[in-house]
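Participant: Sharing final24.json here; it has JSON, C-alpha atoms and all ligand atoms.
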[["chain", "number", "residue", "atom", "x", "y", "z"],
["A", 1, "MET", "CA", 33.76, 4.64, -8.88],
["A", 2, "ALA", "CA", 32.32, 4.85, -12.37],
["A", 3, "SER", "CA", 30.90, 8.32, -11.76],
["A", 4, "LEU", "CA", 34.20, 9.45, -10.24],
["A", 5, "ILE", "CA", 36.15, 8.30, -13.29],
["A", 6, "HIS", "CA", 33.52, 9.92, -15.45],
["A", 7, "LYS", "CA", 33.91, 13.25, -13.63],
["A", 8, "ALA", "CA", 37.71, 13.10, -13.70],
["A", 9, "ASP", "CA", 37.61, 12.06, -17.34],
["A", 10, "TRP", "CA", 35.37, 14.96, -18.19],
["A", 11, "THR", "CA", 37.60, 17.44, -16.35],
["A", 12, "PHE", "CA", 40.72, 16.20, -18.14],
["A", 13, "ASN", "CA", 38.89, 16.17, -21.41],
["A", 14, "TRP", "CA", 37.99, 19.80, -20.93],
["A", 15, "HIS", "CA", 41.54, 20.82, -20.01],
["A", 16, "LEU", "CA", 42.95, 18.91, -22.94],
["A", 17, "GLN", "CA", 40.50, 20.46, -25.32],
["A", 18, "GLU", "CA", 41.42, 23.88, -23.99],
["A", 19, "THR", "CA", 45.10, 23.04, -24.56],
["A", 20, "PHE", "CA", 44.64, 21.50, -27.97],
["A", 21, "LYS", "CA", 41.87, 23.95, -28.97],
["A", 22, "LYS", "CA", 40.29, 21.18, -30.95],
["A", 23, "GLU", "CA", 38.98, 17.65, -30.57],
["A", 24, "VAL", "CA", 41.40, 15.61, -28.42],
["A", 25, "PRO", "CA", 42.69, 12.52, -30.23],
["A", 26, "GLU", "CA", 41.29, 9.28, -28.82],
["A", 27, "ASN", "CA", 44.74, 7.78, -28.16],
["A", 28, "VAL", "CA", 45.69, 10.79, -26.00],
["A", 29, "LEU", "CA", 42.46, 10.44, -24.09],
["A", 30, "GLU", "CA", 43.12, 6.73, -23.55],
["A", 31, "VAL", "CA", 46.44, 7.48, -21.83],
["A", 32, "PHE", "CA", 44.78, 9.99, -19.54],
["A", 33, "ARG", "CA", 41.92, 7.64, -18.75],
["A", 34, "ALA", "CA", 44.36, 4.93, -17.70],
["A", 35, "GLU", "CA", 46.28, 7.41, -15.52],
["A", 36, "ILE", "CA", 43.16, 8.71, -13.88],
["A", 37, "GLU", "CA", 41.94, 5.21, -13.05],
["A", 38, "GLU", "CA", 45.35, 4.27, -11.70],
["A", 39, "GLN", "CA", 45.51, 7.37, -9.48],
["A", 40, "ILE", "CA", 42.07, 6.69, -8.07],
["A", 41, "ILE", "CA", 42.94, 3.09, -7.33],
["A", 42, "ILE", "CA", 46.32, 3.97, -5.77],
["A", 43, "ARG", "CA", 44.91, 6.79, -3.67],
["A", 44, "GLY", "CA", 42.13, 4.53, -2.44],
["A", 45, "GLU", "CA", 40.17, 7.46, -1.15],
["A", 46, "VAL", "CA", 37.67, 9.87, -2.55],
["A", 47, "LYS", "CA", 38.02, 13.56, -1.89],
["A", 48, "GLN", "CA", 34.80, 15.37, -1.05],
["A", 49, "GLU", "CA", 34.93, 17.68, -4.08],
["A", 50, "GLU", "CA", 35.39, 14.72, -6.40],
["A", 51, "LEU", "CA", 32.08, 13.22, -5.41],
["A", 52, "VAL", "CA", 29.51, 13.84, -8.08],
["A", 53, "ILE", "CA", 25.88, 12.99, -7.87],
["A", 54, "THR", "CA", 24.92, 11.67, -11.24],
["A", 55, "LYS", "CA", 21.43, 10.83, -12.39],
["A", 56, "PRO", "CA", 20.89, 7.09, -11.85],
["A", 57, "GLN", "CA", 20.91, 5.25, -15.17],
["A", 58, "VAL", "CA", 18.26, 2.82, -14.04],
["A", 59, "LYS", "CA", 15.28, 4.12, -12.12],
["A", 60, "LEU", "CA", 14.58, 1.82, -9.18],
["A", 61, "LYS", "CA", 10.94, 0.86, -9.02],
["A", 62, "ARG", "CA", 9.27, 0.51, -5.64],
["A", 63, "PRO", "CA", 8.27, -3.15, -5.22],
["A", 64, "PRO", "CA", 4.55, -3.83, -5.44],
["A", 65, "PHE", "CA", 2.69, -3.96, -2.16],
["A", 66, "TYR", "CA", -0.27, -6.15, -1.27],
["A", 67, "LYS", "CA", -3.18, -5.60, 1.07],
["A", 68, "VAL", "CA", -4.06, -8.58, 3.20],
["A", 69, "LEU", "CA", -7.84, -8.65, 3.61],
["A", 70, "MET", "CA", -9.59, -10.81, 6.17],
["A", 71, "LEU", "CA", -13.05, -12.09, 5.32],
["A", 72, "ASN", "CA", -16.06, -12.49, 7.53],
["A", 73, "ASP", "CA", -17.75, -15.83, 8.19],
["A", 74, "ASP", "CA", -20.44, -16.97, 10.57],
["A", 75, "TYR", "CA", -18.45, -19.48, 12.60],
["A", 76, "THR", "CA", -15.02, -18.14, 13.58],
["A", 77, "PRO", "CA", -15.27, -16.75, 17.14],
["A", 78, "MET", "CA", -14.63, -13.03, 17.55],
["A", 79, "ASP", "CA", -11.94, -13.53, 20.18],
["A", 80, "PHE", "CA", -10.04, -15.91, 17.87],
["A", 81, "VAL", "CA", -10.02, -13.24, 15.14],
["A", 82, "VAL", "CA", -8.83, -10.62, 17.63],
["A", 83, "SER", "CA", -5.99, -12.86, 18.79],
["A", 84, "ILE", "CA", -4.92, -13.54, 15.17],
["A", 85, "LEU", "CA", -4.87, -9.80, 14.41],
["A", 86, "LYS", "CA", -2.74, -9.22, 17.50],
["A", 87, "GLU", "CA", -0.34, -12.13, 17.02],
["A", 88, "VAL", "CA", 0.11, -12.27, 13.26],
["A", 89, "PHE", "CA", -0.45, -8.63, 12.34],
["A", 90, "HIS", "CA", 1.01, -7.06, 15.50],
["A", 91, "GLN", "CA", -2.06, -4.93, 16.16],
["A", 92, "SER", "CA", -2.87, -3.46, 19.58],
["A", 93, "HIS", "CA", -5.87, -4.95, 21.38],
["A", 94, "GLU", "CA", -8.00, -1.87, 20.58],
["A", 95, "LYS", "CA", -7.06, -1.85, 16.91],
["A", 96, "ALA", "CA", -7.66, -5.61, 16.62],
["A", 97, "VAL", "CA", -11.15, -5.26, 18.11],
["A", 98, "ASP", "CA", -11.93, -2.39, 15.69],
["A", 99, "VAL", "CA", -10.71, -4.35, 12.65],
["A", 100, "MET", "CA", -12.55, -7.50, 13.73],
["A", 101, "LEU", "CA", -15.81, -5.53, 14.16],
["A", 102, "GLN", "CA", -15.33, -3.86, 10.80],
["A", 103, "ILE", "CA", -14.92, -7.31, 9.17],
["A", 104, "HIS", "CA", -17.95, -8.60, 11.06],
["A", 105, "HIS", "CA", -20.11, -5.70, 9.85],
["A", 106, "GLN", "CA", -18.70, -4.91, 6.39],
["A", 107, "GLY", "CA", -17.69, -8.41, 5.28],
["A", 108, "PHE", "CA", -13.95, -7.74, 5.09],
["A", 109, "GLY", "CA", -11.21, -5.60, 6.60],
["A", 110, "ILE", "CA", -7.57, -4.71, 5.97],
["A", 111, "CYS", "CA", -5.10, -6.47, 8.25],
["A", 112, "GLY", "CA", -2.05, -4.71, 6.78],
["A", 113, "ILE", "CA", -0.04, -3.93, 3.65],
["A", 114, "PHE", "CA", 3.06, -5.98, 2.88],
["A", 115, "THR", "CA", 5.44, -7.11, 0.16],
["A", 116, "LYS", "CA", 4.26, -10.20, -1.75],
["A", 117, "ASP", "CA", 6.30, -12.74, 0.25],
["A", 118, "VAL", "CA", 5.29, -11.34, 3.62],
["A", 119, "ALA", "CA", 1.60, -11.14, 2.62],
["A", 120, "GLU", "CA", 1.66, -14.77, 1.41],
["A", 121, "THR", "CA", 3.38, -15.96, 4.57],
["A", 122, "LYS", "CA", 0.93, -14.18, 6.86],
["A", 123, "ILE", "CA", -2.04, -15.61, 4.95],
["A", 124, "SER", "CA", -0.70, -19.13, 5.25],
["A", 125, "ILE", "CA", -0.03, -18.68, 8.99],
["A", 126, "VAL", "CA", -3.63, -17.45, 9.51],
["A", 127, "THR", "CA", -5.08, -20.28, 7.39],
["A", 128, "ASP", "CA", -3.02, -23.00, 9.14],
["A", 129, "CYS", "CA", -3.93, -21.70, 12.56],
["A", 130, "ALA", "CA", -7.64, -21.42, 11.68],
["A", 131, "ARG", "CA", -7.77, -24.95, 10.19],
["A", 132, "LYS", "CA", -6.00, -26.43, 13.20],
["A", 133, "ASN", "CA", -8.75, -24.91, 15.31],
["A", 134, "GLU", "CA", -11.39, -26.01, 12.77],
["A", 135, "PHE", "CA", -12.52, -22.47, 11.89],
["A", 136, "PRO", "CA", -13.27, -21.34, 8.31],
["A", 137, "LEU", "CA", -11.47, -17.97, 8.68],
["A", 138, "ARG", "CA", -9.98, -16.77, 5.36],
["A", 139, "CYS", "CA", -7.66, -14.05, 4.12],
["A", 140, "VAL", "CA", -7.00, -12.90, 0.57],
["A", 141, "MET", "CA", -4.41, -10.55, -0.88],
["A", 142, "GLU", "CA", -4.90, -7.75, -3.35],
["A", 143, "GLU", "CA", -2.26, -5.68, -5.13],
["A", 144, "GLU", "CA", -2.35, -2.09, -3.89],
["A", 201, "LIG", "N1", -18.73, -13.07, 12.19],
["A", 201, "LIG", "C1", -18.03, -13.82, 13.22],
["A", 201, "LIG", "C2", -18.95, -14.09, 14.36],
["A", 201, "LIG", "O1", -19.99, -13.50, 14.49],
["A", 201, "LIG", "C3", -16.82, -13.04, 13.71],
["A", 201, "LIG", "C4", -15.78, -12.85, 12.67],
["A", 201, "LIG", "C5", -15.17, -11.62, 12.55],
["A", 201, "LIG", "C6", -15.39, -13.87, 11.82],
["A", 201, "LIG", "C7", -14.21, -11.43, 11.58],
["A", 201, "LIG", "C8", -14.43, -13.71, 10.87],
["A", 201, "LIG", "O2", -12.84, -12.29, 9.85],
["A", 201, "LIG", "C9", -13.83, -12.48, 10.77],
["A", 201, "LIG", "N2", -18.53, -14.97, 15.26]]
Starting from the file, lay out its structure as structure tokens.

Facilitator:
Amino acid sequence: MASLIHKADWTFNWHLQETFKKEVPENVLEVFRAEIEEQIIIRGEVKQEELVITKPQVKLKRPPFYKVLMLNDDYTPMDFVVSILKEVFHQSHEKAVDVMLQIHHQGFGICGIFTKDVAETKISIVTDCARKNEFPLRCVMEEE
């Protein structure tokens, strides 16, 4: 709506300036602005040619993402880790086995990349489930 008024305003401004051949007085502009707004509201529709793509005033920033890393330990059974990767991180069986082996050999592995809330939730689900089963399995998160 704002950009539409802006476009219409600009167009009228131009025509008025052409007519007046000088700066258009502010009070004249005011009347036109009010009329334009009224017409747009009454019409309640936007014609295709009136749509203007204006540069957004505020650049939207992509939210930060977080890697959820799973850490190796000597006690959590391999099949428990695989089932967590499948259930909590929606990995296929093959992928879960690969990630689990990578953690086992390298010390850690990436379970997935999520927004902050989702990463925190997944970590607490993994931790709760591991503690209930008395395993020391741990995850940490790291900003991408
Ligand atoms: N190292 C464990 C074992 O030999 C297996 C394991 C894999 C544990 C990955 C944790 O995040 C882990 N049973």

Participant: Which polymer residues, whether protein, DNA or RNA, lie within 6 Å of the coordinate (-9.8, -13.4, 5.9) when you count only C-alpha atoms? List them as a list in words, using the chain letters and numbers from the file.

Facilitator: Leu69, Met70, Leu71, Leu137, Arg138 and Cys139 of chain A

Participant: Please return as a PyMOL selection string the residues found within 9 Å of ligand LIG 201 (chain A), counting all atoms listed in the file.

Facilitator: chain A and resi 69-82+99-105+107-109+136-139

Participant: Which residue is closest to Glu142 of chain A? Choose from A:Lys116, A:His90, A:Arg62, A:Lys122 and count all atoms listed in the file.

Facilitator: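 Closest to Glu142 of chain A of all the choices is A:Lys116.
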
Participant: What's the separation between atom CA of Lys67 of chain A and atom CA of Cys111 of chain A, in Å to one decimal place?

Facilitator: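 About the pair atom CA of Lys67 of chain A and atom CA of Cys111 of chain A: they are 7.5 Å apart.
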
Participant: Using Å and a single decimal, report how far atom CA of Gln57 of chain A sits from atom CA of Asp117 of chain A.

Facilitator: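 Computing it gives 27.8 Å between the two atoms.
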
Participant: How far is it from atom CA of Ala96 of chain A to atom CA of Pro64 of chain A, in Å with one decimal?

Facilitator: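 According to the coordinates, atom CA of Ala96 of chain A and atom CA of Pro64 of chain A are separated by 25.3 Å.
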
Participant: Compare A:Ile113, A:Val118, A:Val97, A:Val58 by their minimum atom-to-atom distance to Ile84 of chain A, counting all atoms listed in the file, and give me the closest one.

Facilitator: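 Looking at the shortest contact to Ile84 of chain A, the residue is A:Val97.
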
Participant: Using all atoms listed in the file, which residue out of A:Lys132, A:Glu26, A:Val140, A:Ser124 lies closest to Val88 of chain A?

Facilitator: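 Between A:Lys132, A:Glu26, A:Val140, A:Ser124, the residue approaching Val88 of chain A most closely is A:Ser124.
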